[in-house]
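Report on one structure; see the data block that follows.
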Amino acid sequence: MKASSPSVAERSLIGSRVAGLQDTRRWLLLLLLSEAWLFAALVGALRWRVLSGFDRFALLASAIAIVLGWVLSRRAVGLWFVMGGPLLLVIATLVNGGAASEAQWIAVSTSAGHVAFALVLLCSPAWGIAAIVGSTVALAVSWSLRPGNVVPGALLVADGRIALLSLDVTAFVLWLAWNVLMRRARLEDASRARLAERIQAEREKQERTKALRAAAVTVHERLLSTLRYLIQAPTPDREGLRTLIATSEPFAFDGSGEDLEHSVRVATAARIASGIVQLDTSVIDLPVTDATRAAGRAAIVECALNAVLHGGATEVKVAGEHLGDIVRIHVTDNGKGIAEDALPGLGWTSVIEQGLAEVDGTWSFTSEPGHTLVTLTMPSASAHTTSSIVDDGFSQGRTLLAAPLLATGAVGIAFNVIGLPSGILSILIVALVIAAIVMGAVVIVRGKRPSLLNATWPLLFLAATPWLASLAVPTGAAMQAVAPGMVTSGYALIAIALWCRRWQFIAGLTFWAVGMVALTAHTAPDQRQPLLIGLVNCLVIVPVVVVVSSIATKRFRRAQDELLLQREAMNTAVVRANAASLIESQLSACVAQSESIIARIADGADLDDAVRHELACLEGLIRATIQVDPVASGEFARVAARLCNTAFSKSIPAQVGTLISSSDSSPLPSALVKALEEAIGSADSVTVRAMTLADEDHLSLHLHGGSLDAQTLATFTTDRLQGVSLDTEEEPGKGVLVLVGRRLGDASASVGSVS
């Protein structure tokens with residue numbers, strides 16, 4: 001039964017950029033909203049006795065919502081519950097009519113901005129914009145109707161307009177970043193899904209090719225060479241055949257095989273006297289990978305078989321040497337040599353050339369009568385390096401976190417312009433912040449780690465802001481107007497530091513924090529609260545959100561990568577099993593029939609002309625089957641294999657050469673193929689080849705016999721062939737050579753059948 005591989009849609013879920021971005025959103029919302037609620041809850045708990053009943057209900061209900069949100073956080077409903085915590089406190093702020101002392105705890109960290117951020121990330125783009133507008137209106141109404149419910153701070157600067165601007169800009173940048181990243185992630189996932197389909201098709205083709213080559217190696221070593229020996233030998237070596245049968249394992253078409261020495265001796269046992277093939281121990285211990293060892297083993301066996309069967313060698317020597325990143329194997333024999341005009345056969349192309357090419361190996365030979373040297377060159381194990389996935393998976397999340405933080409820093413410029421006293425130092429502060437924001441925006445847009453110099457300047461500019469402010473602001477001055485600009489510079493610094501090296505993050509934030517402490521010490525005691533709140537927020541809350549989100553997202557991506565590797569390994573195994581099953585289904589009957597005949601001969605059955613004829617028919621069919629991929633091979637190769645099947649069905653021996661053509665699958669005229677099959681019926685034997693030369697596919701069918709009926713082929717005209725060339729050369733008393741060709745660019749002209 002054919003194994004089932006995972007669907008493309010299922011595979012695309014693993015390693016999905018959308019899934020990674022959604023996981024970053026999950027952690028960002030959990031931490032950001034929980035932080036907002038926790039800060040308010042602590043302040044509220046300290047003022048529990050003076051809270052109104054509605055305030056107490058809102059606090060308890062919000063606590064339940066936060067807990068449920070964390071429990072259900074892996075579902076979308078869990079994030080809505082987490083958002084419900086701050087939302088209940090926002091509602092309490094809007095409806096609370098009590099004194100400021102009773103409502104301050106709510107407004108400390110429950111501005112509508114937190115809810116707006118959550119809605120932006122949870123809703124569709126249109127509803128996200130509506131959430132920004134609604135949250136801004138809610139905050140403006142709360143401040144204008146009940147200014148006592150708002151802790152003195154950002155809302156008091158410029159009558160609160162800059163605070164509302166900060167909410168709008170930050171939320172809009174977050175909305176823009178989220179939707180751009182989601183769109184990019186969806187496009188990338190769609191592109192990866194399409195690529196996965198192409199990779200899957202190519203992988204299936206490659207696995208079928210590997211299975212075919214493995215079958216070619218196995219069958220050629222252990223069966224085809226035996227069949228050819230029995231067809232040619234006047235008297236079979238029955239003892240050698242019994243040795244071959246006794247020492248051989250059942251055929252496996254998945255590329256598995258025995259060790260090198262055993263393979264050589266078993267493959268040649270039926271036709272080579274003991275001691276003809278001599279293996280030096282140096283070739284056994286060469287430092288190569290398993291794949292390279294298998295390819296080298298197959299090539300050595302093929303060289304030994306060719307030397308004995310075709311070259312008549314009585315001595316074959318195999319030796320190896322290790323030369324740094326490569327190994328060389330030398331196979332020498334004393335046979336008659338390789339003819340200069342020799343055409344590549346099945347073993348030459350499938351076993352040696354393709355086998356070595358798969359492991360980045362090459363081969364060469366020199367030949368003269370009495371001495372042939374074949375050199376196999378392959379990479380050693382030391383030349384191979386392993387690769388790993390180098391992707392922390394946080395690039396999207398880094399952008400999602402950094403964009404709104406940098407936008408807040410940009411709004412802080414307005415706070416600095418209004419809050420700082422006029423002077424050169426104030427102008428310098430504003431200029432440095434503007435330069436740092438521009439540099440930071442470039443970093444975020446590029447999405448790559450900046451160079452050391454490009455990262456140092458913006459971090460230094462922002463970290464120096466509180467130091468310069470302590471010089472610009474008089475001692476004991478009010479900090480309510482200055483604090484927002486200083487705090488937002490810390491947000492911007494964190495946004496840029498996210499893209500930098502860890503030591504730059506720590507150094508920049510530490511330098512900024514010490515400056516904030518110096519500025520706080522420079523301020524009157526009753527004016528220090530806004531600066532301290534901002535300092536704690538930047539040193540504790542924001543870094544915790546950033547670090548935890550980063551770690552969680554990295555772990556998610558790494559888990560995804562591990563799952564992807566596991567699924568790919570499983571998928572590869574399934575594809576490989578399916579390919580082996582396909583090849584086995586095609587070859588098993590032929591192999592079983594051949595083995596049965598070999599066993600009968602080994603037990604003493606006669607090897608007469610009828611048996612040789614049957615073996616020759618099986619040999620032709622097997623050679624064609626192991627060369628042609630029934631799914632991915634081109635039309636000319638498939639037609640050649642079909643002609644070999646026709647010959648077998650009519651009990652006509654077929655000598656099969658190389659069956660390789662381009663991937664062009666445009667069908668040949670059906671009437672032409674049918675005529676070729678009919679012509680085979682009148683032949684004594686056939687020779688079939690398919691190949692691609694330059695820009696043209698070729699198929700040659702040599703019909704051997706004295707009384708051939710190829711008259712049907714002569715009736716084909718140019719119109720009936722539709723772009724396909726057909727030539728016939730008659731050899732009186734010997735046979736007919738039929739040549740079929742088609743230029744690769746003319747394939748479309750012959751699509752369809754011809755009656």
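Residue names in the structure tokens use chain letters A, B, ... in the order shown, residue numbers from 1 in each chain, and ligand numbers from 1 in the order shown.
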
If we count only C-alpha atoms and set the cut-off at 8 Å, which residues sit around Val639 (chain A), ignoring sequence neighbours fewer than 4 positions away in its own chain? Please answer as a CSV table (one decimal) with N, CA and C atoms, in the first residue's frame.
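Full text of selection.csv as output:
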chain,number,residue,atom,x,y,z
A,635,GLU,N,9.1,12.3,-23.0
A,635,GLU,CA,8.3,11.5,-23.8
A,635,GLU,C,9.2,10.5,-24.6
A,643,LEU,N,8.3,0.6,-26.2
A,643,LEU,CA,8.7,-0.3,-27.3
A,643,LEU,C,9.4,-1.5,-26.7
A,673,VAL,N,3.7,6.0,-32.9
A,673,VAL,CA,4.1,5.0,-31.9
A,673,VAL,C,3.5,3.6,-32.2

Need the shell around Pro421 (chain A): protein/DNA/RNA residues with any atom at most 10 Å away, counting only C-alpha atoms. Skip same-chain ones fewer than 5 positions apart. Format as a VMD selection string? chain A and resid 416 426 to 427 469 472 to 474 482

Near Phe54 (chain A), within 8 Å and counting only C-alpha atoms, which residues show up once chain neighbours fewer than 3 positions away are dropped, as a list in words? Phe57, Ala58 and Ala92 of chain A

Considering only C-alpha atoms, can you say which of A:Leu519, A:Ala435, A:Leu493, A:Ser225 comes closest to Pro466 (chain A)?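 Closest candidate: A:Leu519.
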
I'd like to know which residues of region 319-535 of chain A are strand (DSSP E) (by DSSP, run on the backbone); could you write them as a list in words?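 So the strand (DSSP E) residues in region 319-535 of chain A would be Ala319, Gly320, Glu321, His322, Leu323, Ile326, Val327, Arg328, Ile329, His330, Val331, Thr332, Asp333, Thr362, Trp363, Ser364, Phe365, Thr366, Ser367, Glu368, His371, Thr372, Leu373, Val374, Thr375, Leu376, Thr377, Met378 and Pro379 of chain A.
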
Spatial neighbours of Trp178 (chain A), 10 Å, only C-alpha atoms, chain gap at least 5 places, as an mmCIF file with N, CA and C atoms, in the first residue's frame:
data_model
loop_
_atom_site.group_PDB
_atom_site.id
_atom_site.type_symbol
_atom_site.label_atom_id
_atom_site.label_comp_id
_atom_site.auth_asym_id
_atom_site.auth_seq_id
_atom_site.Cartn_x
_atom_site.Cartn_y
_atom_site.Cartn_z
ATOM 1 N N LEU A 21 4.468 35.227 14.036
ATOM 2 C CA LEU A 21 4.062 36.589 14.352
ATOM 3 C C LEU A 21 2.896 36.598 15.334
ATOM 4 N N GLN A 22 1.968 35.682 15.169
ATOM 5 C CA GLN A 22 0.839 35.601 16.095
ATOM 6 C C GLN A 22 1.292 35.186 17.484
ATOM 7 N N ARG A 25 2.617 38.272 19.070
ATOM 8 C CA ARG A 25 1.488 39.096 19.506
ATOM 9 C C ARG A 25 0.905 38.570 20.814
ATOM 10 N N VAL A 120 -5.984 46.962 18.282
ATOM 11 C CA VAL A 120 -5.248 47.075 17.019
ATOM 12 C C VAL A 120 -4.680 45.719 16.606
ATOM 13 N N LEU A 121 -4.195 44.948 17.578
ATOM 14 C CA LEU A 121 -3.567 43.672 17.273
ATOM 15 C C LEU A 121 -4.569 42.526 17.133
ATOM 16 N N LEU A 122 -5.770 42.701 17.650
ATOM 17 C CA LEU A 122 -6.744 41.612 17.630
ATOM 18 C C LEU A 122 -7.801 41.761 16.544
ATOM 19 N N PRO A 125 -8.026 45.290 10.087
ATOM 20 C CA PRO A 125 -7.460 46.635 9.895
ATOM 21 C C PRO A 125 -8.481 47.754 10.081
ATOM 22 N N PHE A 172 -1.256 54.092 15.937
ATOM 23 C CA PHE A 172 -1.278 53.991 14.477
ATOM 24 C C PHE A 172 -0.024 53.299 13.951
ATOM 25 N N VAL A 173 1.129 53.630 14.520
ATOM 26 C CA VAL A 173 2.364 52.969 14.091
ATOM 27 C C VAL A 173 2.299 51.470 14.400
ATOM 28 N N ARG A 183 0.799 41.128 6.406
ATOM 29 C CA ARG A 183 0.696 40.989 4.952
ATOM 30 C C ARG A 183 1.962 40.360 4.383
ATOM 31 N N ARG A 184 3.100 40.821 4.885
ATOM 32 C CA ARG A 184 4.371 40.262 4.415
ATOM 33 C C ARG A 184 4.489 38.793 4.794
ATOM 34 N N GLN A 396 10.462 39.502 13.090
ATOM 35 C CA GLN A 396 9.139 40.113 12.977
ATOM 36 C C GLN A 396 8.691 40.701 14.314
ATOM 37 N N GLY A 397 8.884 39.926 15.387
ATOM 38 C CA GLY A 397 8.493 40.424 16.698
ATOM 39 C C GLY A 397 9.289 41.642 17.122
ATOM 40 N N THR A 399 10.406 43.968 15.148
ATOM 41 C CA THR A 399 9.795 45.114 14.464
ATOM 42 C C THR A 399 8.498 45.520 15.137
ATOM 43 N N LEU A 400 7.696 44.533 15.516
ATOM 44 C CA LEU A 400 6.404 44.811 16.152
ATOM 45 C C LEU A 400 6.577 45.539 17.480
ATOM 46 N N LEU A 401 7.613 45.208 18.224
ATOM 47 C CA LEU A 401 7.858 45.880 19.503
ATOM 48 C C LEU A 401 8.524 47.240 19.313
ATOM 49 N N ALA A 403 8.642 49.378 16.676
ATOM 50 C CA ALA A 403 7.966 50.453 15.938
ATOM 51 C C ALA A 403 7.153 51.370 16.851
#

Which residues, written as a PyMOL selection string, have at least one atom at most 7 Å from Val736 (chain A), with only C-alpha atoms counted and residues fewer than 4 positions away on the same chain left out? chain A and resi 702-704+728-731

Can you write out the residues you just picked, keeping N, CA and C atoms, as a short mmCIF file (atom, residue, chain, number, x, y, z; two decimals), in the first residue's frame?
data_model
loop_
_atom_site.label_atom_id
_atom_site.label_comp_id
_atom_site.auth_asym_id
_atom_site.auth_seq_id
_atom_site.Cartn_x
_atom_site.Cartn_y
_atom_site.Cartn_z
N HIS A 702 16.36 -0.15 -33.92
CA HIS A 702 17.01 -1.00 -34.93
C HIS A 702 16.28 -2.33 -34.95
N LEU A 703 15.60 -2.60 -36.08
CA LEU A 703 14.85 -3.84 -36.24
C LEU A 703 15.74 -4.85 -36.96
N HIS A 704 16.09 -5.94 -36.28
CA HIS A 704 16.97 -6.95 -36.84
C HIS A 704 16.13 -8.08 -37.41
N THR A 728 14.26 6.30 -42.15
CA THR A 728 14.45 4.85 -42.13
C THR A 728 15.59 4.49 -43.08
N GLU A 729 16.44 3.59 -42.61
CA GLU A 729 17.56 3.10 -43.42
C GLU A 729 17.46 1.58 -43.48
N GLU A 730 17.22 1.09 -44.66
CA GLU A 730 17.10 -0.36 -44.83
C GLU A 730 18.47 -0.99 -45.08
N GLU A 731 18.69 -2.11 -44.44
CA GLU A 731 19.89 -2.91 -44.63
C GLU A 731 19.44 -4.26 -45.17
#

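Computed from the coordinates, the CA of Ala675 (chain A) to CA of Asp695 (chain A) distance equals 25.5 Å.
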
Find the residues around Ala637 (chain A) up to 12 Å (only C-alpha atoms counted), leave out those fewer than 2 positions away in its own chain, and share them as JSON, numbers by chain. {"A": [624, 625, 626, 627, 628, 629, 630, 631, 632, 633, 634, 635, 639, 640, 641, 642, 643, 644, 656, 657, 658, 659, 660, 661, 662, 663, 664, 665, 666, 667, 668, 688, 689, 690, 691, 692, 697, 698, 699, 700, 740]}

With a distance cut-off of 6 Å and only C-alpha atoms, select the neighbouring residues of region 361-377 of chain A, excluding the residue or stretch itself and same-chain residues fewer than 4 positions from it, and output the selection as a ChimeraX atom specification. /A:327-338,356-357

Counting only C-alpha atoms, the residue of A:Pro484, A:Gly240, A:Gly134, A:Gly604 that sits nearest Ala171 (chain A):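 Looking at the shortest contact to Ala171 (chain A), the residue is A:Gly134.
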
For each of A:Val487, A:Leu176, A:Arg612, A:Trp512, take the minimum atom-to-atom distance to Phe461 (chain A), counting only C-alpha atoms, then give the residue where this is smallest.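 Of all the options, A:Trp512 lies closest to Phe461 (chain A).
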
What's the separation between CA of Leu305 (chain A) and CA of Ser685 (chain A), in Å to one decimal place?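 So the two atoms, CA of Leu305 (chain A) and CA of Ser685 (chain A), lie 25.0 Å apart.
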